[in-house]
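> Here you go, work.pdb (PDB, C-alpha atoms):
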ATOM      1  CA  MET A   1     164.009 -54.152  42.077
ATOM      2  CA  GLY A   2     164.992 -57.824  42.119
ATOM      3  CA  LEU A   3     162.766 -60.843  41.741
ATOM      4  CA  ARG A   4     162.746 -61.466  45.534
ATOM      5  CA  ALA A   5     161.497 -57.946  46.251
ATOM      6  CA  ILE A   6     158.715 -58.286  43.698
ATOM      7  CA  LEU A   7     157.584 -61.584  45.168
ATOM      8  CA  ASP A   8     157.616 -60.206  48.727
ATOM      9  CA  ASP A   9     155.205 -57.400  47.715
ATOM     10  CA  VAL A  10     152.692 -59.590  45.816
ATOM     11  CA  PRO A  11     149.790 -61.484  47.394
ATOM     12  CA  ILE A  12     150.103 -65.245  47.174
ATOM     13  CA  ARG A  13     147.142 -65.652  44.777
ATOM     14  CA  SER A  14     148.809 -63.325  42.206
ATOM     15  CA  LEU A  15     152.120 -65.173  42.266
ATOM     16  CA  PRO A  16     151.647 -67.330  39.106
ATOM     17  CA  LEU A  17     150.907 -64.265  36.942
ATOM     18  CA  VAL A  18     153.862 -62.308  38.270
ATOM     19  CA  VAL A  19     156.253 -65.181  37.723
ATOM     20  CA  ALA A  20     154.991 -65.605  34.153
ATOM     21  CA  PHE A  21     155.494 -61.859  33.491
ATOM     22  CA  VAL A  22     159.011 -61.805  34.908
ATOM     23  CA  LEU A  23     160.014 -64.843  32.896
ATOM     24  CA  LEU A  24     158.625 -63.270  29.709
ATOM     25  CA  VAL A  25     160.473 -59.932  29.995
ATOM     26  CA  PRO A  26     164.005 -61.216  29.191
ATOM     27  CA  ALA A  27     162.766 -62.936  26.047
ATOM     28  CA  CYS A  28     161.204 -59.696  24.687
ATOM     29  CA  SER A  29     163.938 -57.269  25.726
ATOM     30  CA  GLY A  30     167.075 -56.372  23.820
ATOM     31  CA  GLY A  31     169.188 -57.991  26.477
ATOM     32  CA  GLY A  32     167.771 -61.460  25.952
ATOM     33  CA  THR A  33     169.406 -64.235  24.004
ATOM     34  CA  GLU A  34     168.741 -64.003  20.224
ATOM     35  CA  MET A  35     166.699 -66.772  18.671
ATOM     36  CA  SER A  36     168.702 -68.764  16.134
ATOM     37  CA  THR A  37     167.352 -69.626  12.668
ATOM     38  CA  PRO A  38     166.705 -73.320  12.305
ATOM     39  CA  ALA A  39     169.250 -75.038  10.117
ATOM     40  CA  PRO A  40     167.959 -76.445   6.803
ATOM     41  CA  PRO A  41     167.357 -80.165   6.753
ATOM     42  CA  ALA A  42     170.399 -82.265   6.044
ATOM     43  CA  GLY A  43     171.030 -82.790   2.325
ATOM     44  CA  SER A  44     168.903 -79.810   1.174
ATOM     45  CA  ARG A  45     170.328 -77.005  -0.996
ATOM     46  CA  THR A  46     169.383 -73.368  -1.342
ATOM     47  CA  PRO A  47     168.356 -72.891  -5.008
ATOM     48  CA  ALA A  48     170.746 -70.699  -6.982
ATOM     49  CA  PRO A  49     169.227 -67.445  -8.314
ATOM     50  CA  SER A  50     168.197 -67.570 -11.975
ATOM     51  CA  PRO A  51     170.625 -65.710 -14.278
ATOM     52  CA  ALA A  52     169.379 -62.387 -15.586
ATOM     53  CA  PRO A  53     168.108 -62.593 -19.197
ATOM     54  CA  PRO A  54     170.463 -61.083 -21.794
ATOM     55  CA  PRO A  55     169.608 -57.584 -23.011
ATOM     56  CA  PRO A  56     167.526 -57.342 -26.213
ATOM     57  CA  LEU A  57     169.522 -57.332 -29.423
ATOM     58  CA  LEU A  58     167.594 -54.393 -30.912
ATOM     59  CA  GLY A  59     165.810 -51.342 -29.555
ATOM     60  CA  ASN A  60     162.682 -49.701 -30.931
ATOM     61  CA  GLY A  61     164.430 -47.994 -33.853
ATOM     62  CA  THR A  62     165.298 -49.079 -37.394
ATOM     63  CA  TYR A  63     168.640 -50.782 -37.937
ATOM     64  CA  VAL A  64     170.978 -51.690 -40.774
ATOM     65  CA  ALA A  65     173.726 -54.290 -40.781
ATOM     66  CA  ALA A  66     177.095 -53.594 -42.380
ATOM     67  CA  THR A  67     179.056 -56.746 -43.119
ATOM     68  CA  VAL A  68     182.582 -57.183 -41.806
ATOM     69  CA  HIS A  69     183.627 -58.855 -45.061
ATOM     70  CA  ARG A  70     182.520 -58.245 -48.628
ATOM     71  CA  SER A  71     180.949 -61.694 -48.917
ATOM     72  CA  ILE A  72     178.823 -63.219 -46.171
ATOM     73  CA  ILE A  73     177.101 -66.546 -45.605
ATOM     74  CA  VAL A  74     173.306 -66.448 -45.587
ATOM     75  CA  PHE A  75     171.347 -69.055 -43.622
ATOM     76  CA  ARG A  76     167.703 -70.029 -43.899
ATOM     77  CA  GLU A  77     167.355 -69.876 -40.104
ATOM     78  CA  PRO A  78     169.606 -69.272 -37.088
ATOM     79  CA  GLU A  79     172.130 -72.037 -36.449
ATOM     80  CA  ALA A  80     171.066 -73.884 -39.606
ATOM     81  CA  ALA A  81     173.089 -76.972 -40.427
ATOM     82  CA  THR A  82     174.080 -75.719 -43.867
ATOM     83  CA  ALA A  83     174.385 -72.335 -45.544
ATOM     84  CA  GLU A  84     171.803 -71.317 -48.121
ATOM     85  CA  PHE A  85     174.189 -69.240 -50.248
ATOM     86  CA  VAL A  86     176.965 -66.626 -50.098
ATOM     87  CA  LEU A  87     175.954 -63.010 -50.716
ATOM     88  CA  ASP A  88     178.289 -60.485 -52.322
ATOM     89  CA  THR A  89     177.419 -57.195 -50.600
ATOM     90  CA  ARG A  90     179.223 -55.044 -53.150
ATOM     91  CA  ASN A  91     177.016 -53.636 -55.914
ATOM     92  CA  PRO A  92     178.197 -53.149 -59.537
ATOM     93  CA  PHE A  93     179.295 -49.609 -58.657
ATOM     94  CA  GLY A  94     181.820 -50.883 -56.119
ATOM     95  CA  GLN A  95     179.770 -49.843 -53.090
ATOM     96  CA  ARG A  96     179.400 -52.068 -50.025
ATOM     97  CA  THR A  97     175.728 -51.878 -49.117
ATOM     98  CA  PRO A  98     174.420 -52.280 -45.544
ATOM     99  CA  LEU A  99     171.373 -54.529 -45.272
ATOM    100  CA  LEU A 100     168.101 -53.629 -43.594
ATOM    101  CA  VAL A 101     167.589 -55.588 -40.350
ATOM    102  CA  VAL A 102     164.104 -57.087 -39.961
ATOM    103  CA  GLY A 103     164.608 -59.428 -36.995
ATOM    104  CA  ALA A 104     167.032 -60.721 -34.362
ATOM    105  CA  GLU A 105     167.328 -63.582 -31.885
ATOM    106  CA  ARG A 106     169.853 -65.624 -29.952
ATOM    107  CA  ASP A 107     170.652 -69.272 -30.552
ATOM    108  CA  PRO A 108     170.647 -71.793 -27.651
ATOM    109  CA  GLU A 109     174.232 -70.775 -26.793
ATOM    110  CA  GLY A 110     173.248 -67.102 -26.542
ATOM    111  CA  ARG A 111     174.977 -66.014 -29.745
ATOM    112  CA  PRO A 112     173.224 -63.236 -31.719
ATOM    113  CA  TRP A 113     171.747 -63.780 -35.184
ATOM    114  CA  TYR A 114     170.125 -61.155 -37.400
ATOM    115  CA  GLU A 115     167.486 -61.511 -40.101
ATOM    116  CA  VAL A 116     168.071 -59.087 -42.965
ATOM    117  CA  SER A 117     166.262 -58.023 -46.109
ATOM    118  CA  LEU A 118     168.099 -59.288 -49.198
ATOM    119  CA  PRO A 119     168.527 -57.308 -52.465
ATOM    120  CA  ILE A 120     167.509 -60.271 -54.621
ATOM    121  CA  ARG A 121     164.425 -61.651 -56.312
ATOM    122  CA  PRO A 122     161.728 -62.284 -55.275
ATOM    123  CA  ASN A 123     160.882 -59.084 -53.417
ATOM    124  CA  GLY A 124     160.626 -59.632 -49.684
ATOM    125  CA  SER A 125     163.405 -62.241 -49.542
ATOM    126  CA  THR A 126     165.187 -62.425 -46.178
ATOM    127  CA  GLY A 127     167.993 -64.470 -44.654
ATOM    128  CA  TRP A 128     169.818 -64.963 -41.343
ATOM    129  CA  MET A 129     173.415 -63.959 -40.665
ATOM    130  CA  ARG A 130     175.753 -64.520 -37.730
ATOM    131  CA  GLY A 131     176.048 -61.502 -35.476
ATOM    132  CA  TYR A 132     179.837 -61.546 -35.227
ATOM    133  CA  GLU A 133     180.054 -60.930 -38.988
ATOM    134  CA  LEU A 134     177.955 -57.762 -38.806
ATOM    135  CA  ARG A 135     178.118 -54.223 -37.462
ATOM    136  CA  ILE A 136     174.650 -53.085 -36.411
ATOM    137  CA  GLN A 137     173.785 -49.404 -36.627
ATOM    138  CA  GLU A 138     170.567 -47.436 -36.118
ATOM    139  CA  THR A 139     169.373 -45.286 -39.026
ATOM    140  CA  ASP A 140     167.457 -42.011 -38.731
ATOM    141  CA  ASP A 141     166.260 -41.552 -42.333
ATOM    142  CA  ARG A 142     163.305 -43.185 -44.065
ATOM    143  CA  ILE A 143     161.461 -42.715 -47.367
ATOM    144  CA  VAL A 144     157.753 -43.444 -47.770
ATOM    145  CA  VAL A 145     156.249 -43.531 -51.272
ATOM    146  CA  ASP A 146     152.447 -43.415 -51.444
ATOM    147  CA  LEU A 147     151.280 -44.673 -54.832
ATOM    148  CA  SER A 148     147.689 -43.545 -54.312
ATOM    149  CA  ASP A 149     148.726 -39.939 -53.691
ATOM    150  CA  ARG A 150     151.795 -40.230 -55.962
ATOM    151  CA  THR A 151     153.941 -38.614 -53.332
ATOM    152  CA  LEU A 152     157.326 -39.273 -51.780
ATOM    153  CA  ALA A 153     157.915 -38.229 -48.156
ATOM    154  CA  LEU A 154     161.287 -38.042 -46.422
ATOM    155  CA  TYR A 155     161.361 -38.697 -42.682
ATOM    156  CA  ARG A 156     164.180 -38.021 -40.245
ATOM    157  CA  GLN A 157     164.004 -39.292 -36.662
ATOM    158  CA  GLY A 158     160.329 -40.040 -37.187
ATOM    159  CA  ARG A 159     159.469 -36.515 -38.384
ATOM    160  CA  ARG A 160     158.484 -35.699 -41.957
ATOM    161  CA  VAL A 161     160.915 -33.125 -43.314
ATOM    162  CA  ASP A 162     160.032 -33.103 -47.052
ATOM    163  CA  GLU A 163     157.308 -34.287 -49.402
ATOM    164  CA  PHE A 164     157.236 -34.204 -53.208
ATOM    165  CA  SER A 165     154.852 -35.050 -56.014
ATOM    166  CA  VAL A 166     156.430 -37.864 -58.066
ATOM    167  CA  ALA A 167     155.840 -40.040 -61.113
ATOM    168  CA  ILE A 168     155.188 -43.762 -60.632
ATOM    169  CA  GLY A 169     154.928 -46.853 -62.816
ATOM    170  CA  ALA A 170     152.561 -46.919 -65.762
ATOM    171  CA  ALA A 171     149.593 -49.293 -65.831
ATOM    172  CA  GLY A 172     151.584 -51.967 -67.679
ATOM    173  CA  ALA A 173     154.606 -51.693 -65.362
ATOM    174  CA  PRO A 174     153.346 -50.719 -61.905
ATOM    175  CA  THR A 175     155.758 -49.741 -59.160
ATOM    176  CA  ALA A 176     156.341 -52.681 -56.815
ATOM    177  CA  VAL A 177     154.927 -52.402 -53.303
ATOM    178  CA  GLY A 178     156.908 -53.443 -50.253
ATOM    179  CA  SER A 179     159.744 -52.710 -47.870
ATOM    180  CA  PHE A 180     163.058 -51.977 -49.578
ATOM    181  CA  PHE A 181     166.301 -50.095 -48.922
ATOM    182  CA  VAL A 182     168.768 -47.954 -50.836
ATOM    183  CA  TRP A 183     171.109 -50.406 -52.558
ATOM    184  CA  ALA A 184     173.136 -48.021 -54.748
ATOM    185  CA  ARG A 185     173.888 -44.292 -55.006
ATOM    186  CA  VAL A 186     174.636 -43.216 -58.566
ATOM    187  CA  PRO A 187     175.318 -39.579 -59.571
ATOM    188  CA  GLN A 188     174.315 -38.932 -63.186
ATOM    189  CA  PRO A 189     176.518 -37.143 -65.719
ATOM    190  CA  ASP A 190     173.646 -35.488 -67.608
ATOM    191  CA  PRO A 191     170.826 -33.874 -65.585
ATOM    192  CA  SER A 192     168.620 -33.947 -68.682
ATOM    193  CA  GLY A 193     169.204 -37.683 -69.164
ATOM    194  CA  PRO A 194     166.718 -40.448 -68.315
ATOM    195  CA  TYR A 195     167.763 -40.570 -64.634
ATOM    196  CA  GLY A 196     168.072 -36.854 -63.973
ATOM    197  CA  ILE A 197     170.756 -35.616 -61.616
ATOM    198  CA  PHE A 198     170.929 -38.677 -59.325
ATOM    199  CA  ALA A 199     169.636 -42.219 -58.904
ATOM    200  CA  LEU A 200     169.032 -44.255 -55.761
ATOM    201  CA  GLY A 201     168.938 -47.899 -56.810
ATOM    202  CA  LEU A 202     166.665 -49.936 -54.523
ATOM    203  CA  SER A 203     166.823 -53.495 -53.250
ATOM    204  CA  GLY A 204     163.526 -54.366 -55.005
ATOM    205  CA  PHE A 205     162.536 -55.301 -58.537
ATOM    206  CA  SER A 206     159.695 -54.766 -60.949
ATOM    207  CA  GLU A 207     157.194 -57.597 -60.746
ATOM    208  CA  THR A 208     156.316 -57.339 -64.440
ATOM    209  CA  LEU A 209     159.577 -56.472 -66.189
ATOM    210  CA  THR A 210     162.915 -58.250 -66.019
ATOM    211  CA  ASP A 211     164.845 -56.343 -68.648
ATOM    212  CA  TRP A 212     164.744 -52.846 -70.058
ATOM    213  CA  GLU A 213     167.586 -50.656 -71.311
ATOM    214  CA  GLY A 214     170.150 -53.098 -69.959
ATOM    215  CA  SER A 215     168.546 -53.243 -66.503
ATOM    216  CA  ASN A 216     167.511 -56.476 -64.785
ATOM    217  CA  GLY A 217     164.282 -54.899 -63.611
ATOM    218  CA  ARG A 218     165.650 -53.321 -60.424
ATOM    219  CA  ILE A 219     163.593 -50.285 -59.407
ATOM    220  CA  ALA A 220     165.023 -46.918 -58.427
ATOM    221  CA  ILE A 221     164.207 -43.475 -57.174
ATOM    222  CA  HIS A 222     165.779 -41.141 -59.700
ATOM    223  CA  GLY A 223     165.608 -37.620 -61.015
ATOM    224  CA  THR A 224     163.875 -36.224 -64.060
ATOM    225  CA  SER A 225     164.263 -32.893 -65.828
ATOM    226  CA  ASP A 226     160.621 -32.886 -66.940
ATOM    227  CA  PRO A 227     158.367 -31.144 -64.409
ATOM    228  CA  GLY A 228     155.378 -32.588 -66.259
ATOM    229  CA  ASP A 229     156.253 -36.061 -64.886
ATOM    230  CA  ARG A 230     155.124 -35.113 -61.412
ATOM    231  CA  GLY A 231     151.964 -36.901 -60.319
ATOM    232  CA  GLN A 232     151.822 -39.050 -63.480
ATOM    233  CA  ARG A 233     151.924 -42.795 -64.148
ATOM    234  CA  VAL A 234     154.594 -42.816 -66.840
ATOM    235  CA  SER A 235     157.635 -44.849 -65.654
ATOM    236  CA  HIS A 236     158.704 -48.482 -66.044
ATOM    237  CA  GLY A 237     158.214 -48.956 -62.306
ATOM    238  CA  CYS A 238     160.717 -46.446 -60.943
ATOM    239  CA  ILE A 239     159.827 -43.376 -58.897
ATOM    240  CA  ARG A 240     160.718 -40.203 -60.791
ATOM    241  CA  VAL A 241     161.515 -37.103 -58.762
ATOM    242  CA  TYR A 242     161.805 -33.675 -60.377
ATOM    243  CA  ASN A 243     165.497 -32.673 -60.310
ATOM    244  CA  PRO A 244     165.125 -29.671 -57.952
ATOM    245  CA  ASP A 245     163.340 -31.976 -55.472
ATOM    246  CA  MET A 246     165.806 -34.818 -55.988
ATOM    247  CA  VAL A 247     168.557 -32.640 -54.537
ATOM    248  CA  ALA A 248     167.112 -33.286 -51.054
ATOM    249  CA  LEU A 249     167.601 -37.043 -51.497
ATOM    250  CA  THR A 250     171.148 -37.182 -52.823
ATOM    251  CA  HIS A 251     172.670 -37.271 -49.319
ATOM    252  CA  LEU A 252     170.777 -40.376 -48.176
ATOM    253  CA  PRO A 253     173.144 -43.199 -47.188
ATOM    254  CA  LEU A 254     173.145 -46.751 -48.457
ATOM    255  CA  GLY A 255     170.778 -48.920 -46.458
ATOM    256  CA  THR A 256     168.152 -46.172 -45.959
ATOM    257  CA  PRO A 257     164.714 -47.859 -45.616
ATOM    258  CA  VAL A 258     162.203 -47.223 -48.405
ATOM    259  CA  ILE A 259     158.539 -48.119 -47.916
ATOM    260  CA  VAL A 260     156.344 -48.229 -51.036
ATOM    261  CA  ARG A 261     152.642 -48.533 -50.282
ATOM    262  CA  ARG A 262     149.382 -48.323 -52.215
TER     263      ARG A 262
END
Would you kindly transcribe this structure into structure tokens?


Amino acid sequence: MGLRAILDDVPIRSLPLVVAFVLLVPACSGGGTEMSTPAPPAGSRTPAPSPAPPPPLLGNGTYVAATVHRSIIVFREPEAATAEFVLDTRNPFGQRTPLLVVGAERDPEGRPWYEVSLPIRPNGSTGWMRGYELRIQETDDRIVVDLSDRTLALYRQGRRVDEFSVAIGAAGAPTAVGSFFVWARVPQPDPSGPYGIFALGLSGFSETLTDWEGSNGRIAIHGTSDPGDRGQRVSHGCIRVYNPDMVALTHLPLGTPVIVRR
């Protein structure tokens, strides 16, 4: 029905409402002309979307950093103006030791830097290294030494898989407390010798002794052939593990975290 037919059938007093209805229908129907979006004012710009933040450098696990080169520059902080010193990552046994990662961040240019635990005095020393000089790897193993209980527990993927009674430092040479890592792996030629079947040299040092039997005071987890050592305070600061128990620790890789707590 056309507009003329509608108007012919409507009383005169209803005409304004009908006309308004007929004029409204095309605007609401699919056949009407689409409304255009107003153009932005002249000279205005649509803001560019913010770039997505870079992914985190580390996940929730524990990580070690292997150096690309034997020697690496250590900085006091990321993007420091000058280097603090150069670290030789090879121990006296010819082993290149990964370093325990304790922090990470990006510099203003987005380049990664990693804070690592250093195997030097004083205990707890850390430094920053440039990410492109490192290979970062997650580690599954961890050792926890409890001095109060005189026990050593081995964890793998967060689950305790072994626990042993061990000897710790005597009253005059207590075992140092802190966060360390395995710095050297040294098989021993004589299982009945002072270090048993195997020694894991740690990144930490005795806080009371600086020299004994040719050592510079570095602490270790090592074997002992004397079962009577277990649970005693008899060492110079090292953790002594009865040889049959020490077998379970000989496979641990360099860089394995070691937590010593009271």

> Between atom CA of Thr210 of chain A and atom CA of Arg150 of chain A, what is the spacing in Å?

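Between atom CA of Arg150 of chain A and atom CA of Thr210 of chain A the gap is 23.4 Å.
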
> Pick out the residues sitting within 10 Å of Asp140 of chain A, and hand them over as a list in words; count only C-alpha atoms, and ignore anything fewer than 4 positions along from it in its own chain.

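Listing them by chain and then by number gives Gly61, Thr62, Tyr63, Tyr155, Arg156, Gln157, Gly158, Arg159, Thr256 and Pro257 of chain A.
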
> Rounded to one decimal place, report the atom CA of Ala170 of chain A-atom CA of Ile239 of chain A distance in Å.

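Straight-line distance from atom CA of Ala170 of chain A to atom CA of Ile239 of chain A works out to 10.6 Å.
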
> Got a sec to resolve the PyMOL selection byres ((chain A and resi 90-92) around 12) on this structure and send the residues as a list in words?

Ala66, Thr67, His69, Arg70, Ser71, Ile72, Leu87, Asp88, Thr89, Phe93, Gly94, Gln95, Arg96, Thr97, Pro98, Leu99, Pro119, Ile120, Val182, Trp183, Ala184, Arg185, Val186, Gly201, Leu202, Ser203, Ser215 and Leu254 of chain A

> Restricting it to C-alpha atoms, dump the selection as an mmCIF file, keeping the file's coordinate frame.


data_model
loop_
_atom_site.group_PDB
_atom_site.id
_atom_site.type_symbol
_atom_site.label_atom_id
_atom_site.label_comp_id
_atom_site.auth_asym_id
_atom_site.auth_seq_id
_atom_site.Cartn_x
_atom_site.Cartn_y
_atom_site.Cartn_z
ATOM 1 C CA ALA A 66 177.095 -53.594 -42.380
ATOM 2 C CA THR A 67 179.056 -56.746 -43.119
ATOM 3 C CA HIS A 69 183.627 -58.855 -45.061
ATOM 4 C CA ARG A 70 182.520 -58.245 -48.628
ATOM 5 C CA SER A 71 180.949 -61.694 -48.917
ATOM 6 C CA ILE A 72 178.823 -63.219 -46.171
ATOM 7 C CA LEU A 87 175.954 -63.010 -50.716
ATOM 8 C CA ASP A 88 178.289 -60.485 -52.322
ATOM 9 C CA THR A 89 177.419 -57.195 -50.600
ATOM 10 C CA PHE A 93 179.295 -49.609 -58.657
ATOM 11 C CA GLY A 94 181.820 -50.883 -56.119
ATOM 12 C CA GLN A 95 179.770 -49.843 -53.090
ATOM 13 C CA ARG A 96 179.400 -52.068 -50.025
ATOM 14 C CA THR A 97 175.728 -51.878 -49.117
ATOM 15 C CA PRO A 98 174.420 -52.280 -45.544
ATOM 16 C CA LEU A 99 171.373 -54.529 -45.272
ATOM 17 C CA PRO A 119 168.527 -57.308 -52.465
ATOM 18 C CA ILE A 120 167.509 -60.271 -54.621
ATOM 19 C CA VAL A 182 168.768 -47.954 -50.836
ATOM 20 C CA TRP A 183 171.109 -50.406 -52.558
ATOM 21 C CA ALA A 184 173.136 -48.021 -54.748
ATOM 22 C CA ARG A 185 173.888 -44.292 -55.006
ATOM 23 C CA VAL A 186 174.636 -43.216 -58.566
ATOM 24 C CA GLY A 201 168.938 -47.899 -56.810
ATOM 25 C CA LEU A 202 166.665 -49.936 -54.523
ATOM 26 C CA SER A 203 166.823 -53.495 -53.250
ATOM 27 C CA SER A 215 168.546 -53.243 -66.503
ATOM 28 C CA LEU A 254 173.145 -46.751 -48.457
#

> Identify all residues satisfying the PyMOL selection byres ((chain A and resi 164) around 9) in the given file; provide them as a PyMOL selection string.

chain A and resi 150-154+162-163+165-166+230+241-242+245

> Between A:Arg76, A:Asn243, A:Ser206, A:Ser148, which residue has the minimum interatomic distance to Gly193 of chain A, considering all atoms listed in the file?

A:Asn243

> Have a look at atom CA of Phe181 of chain A and atom CA of Ser225 of chain A and let me know their distance in Å, one decimal.

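Calculated distance between atom CA of Phe181 of chain A and atom CA of Ser225 of chain A is 24.2 Å.
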
> Give me the residues near Thr175 of chain A as a VMD selection string, where near means some atom within 9 Å (using all atoms listed in the file) and where sequence neighbours in that chain fewer than 3 positions away do not count.

chain A and resid 147 168 to 170 205 to 207 219 235 to 239 260

> Write a file of the selected residues as a short mmCIF file (atom, residue, chain, number, x, y, z; two decimals), keeping the file's coordinate frame, keeping C-alpha atoms.


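Wrote it out as again02.cif, contents follow:
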data_model
loop_
_atom_site.label_atom_id
_atom_site.label_comp_id
_atom_site.auth_asym_id
_atom_site.auth_seq_id
_atom_site.Cartn_x
_atom_site.Cartn_y
_atom_site.Cartn_z
CA LEU A 147 151.28 -44.67 -54.83
CA ILE A 168 155.19 -43.76 -60.63
CA GLY A 169 154.93 -46.85 -62.82
CA ALA A 170 152.56 -46.92 -65.76
CA PHE A 205 162.54 -55.30 -58.54
CA SER A 206 159.70 -54.77 -60.95
CA GLU A 207 157.19 -57.60 -60.75
CA ILE A 219 163.59 -50.28 -59.41
CA SER A 235 157.64 -44.85 -65.65
CA HIS A 236 158.70 -48.48 -66.04
CA GLY A 237 158.21 -48.96 -62.31
CA CYS A 238 160.72 -46.45 -60.94
CA ILE A 239 159.83 -43.38 -58.90
CA VAL A 260 156.34 -48.23 -51.04
#

> Determine the axis-aligned bounding box of all atoms of segment 106-125 of chain A present in the file, pad each side by 4 Å, and express its centre and edge lengths in Å to one decimal place as AutoDock Vina command-line options.


--center_x 167.8 --center_y -64.6 --center_z -41.4 --size_x 22.4 --size_y 22.5 --size_z 37.8

> Counting all atoms listed in the file, what is within 10 Å of Val116 of chain A, bar same-chain residues fewer than 6 positions away, as a VMD selection string?

chain A and resid 63 to 65 74 98 to 104 125 to 129

> Considering only C-alpha atoms, can you say which of A:Asp211, A:Tyr195, A:Leu249, A:Gly131 comes closest to Pro78 of chain A?

A:Gly131

> Written as number ranges by chain, which residues does the PyMOL selection byres ((chain A and resi 110) around 12) give for the file shown?

A: 53-57, 78-79, 104-109, 111-113, 130-131
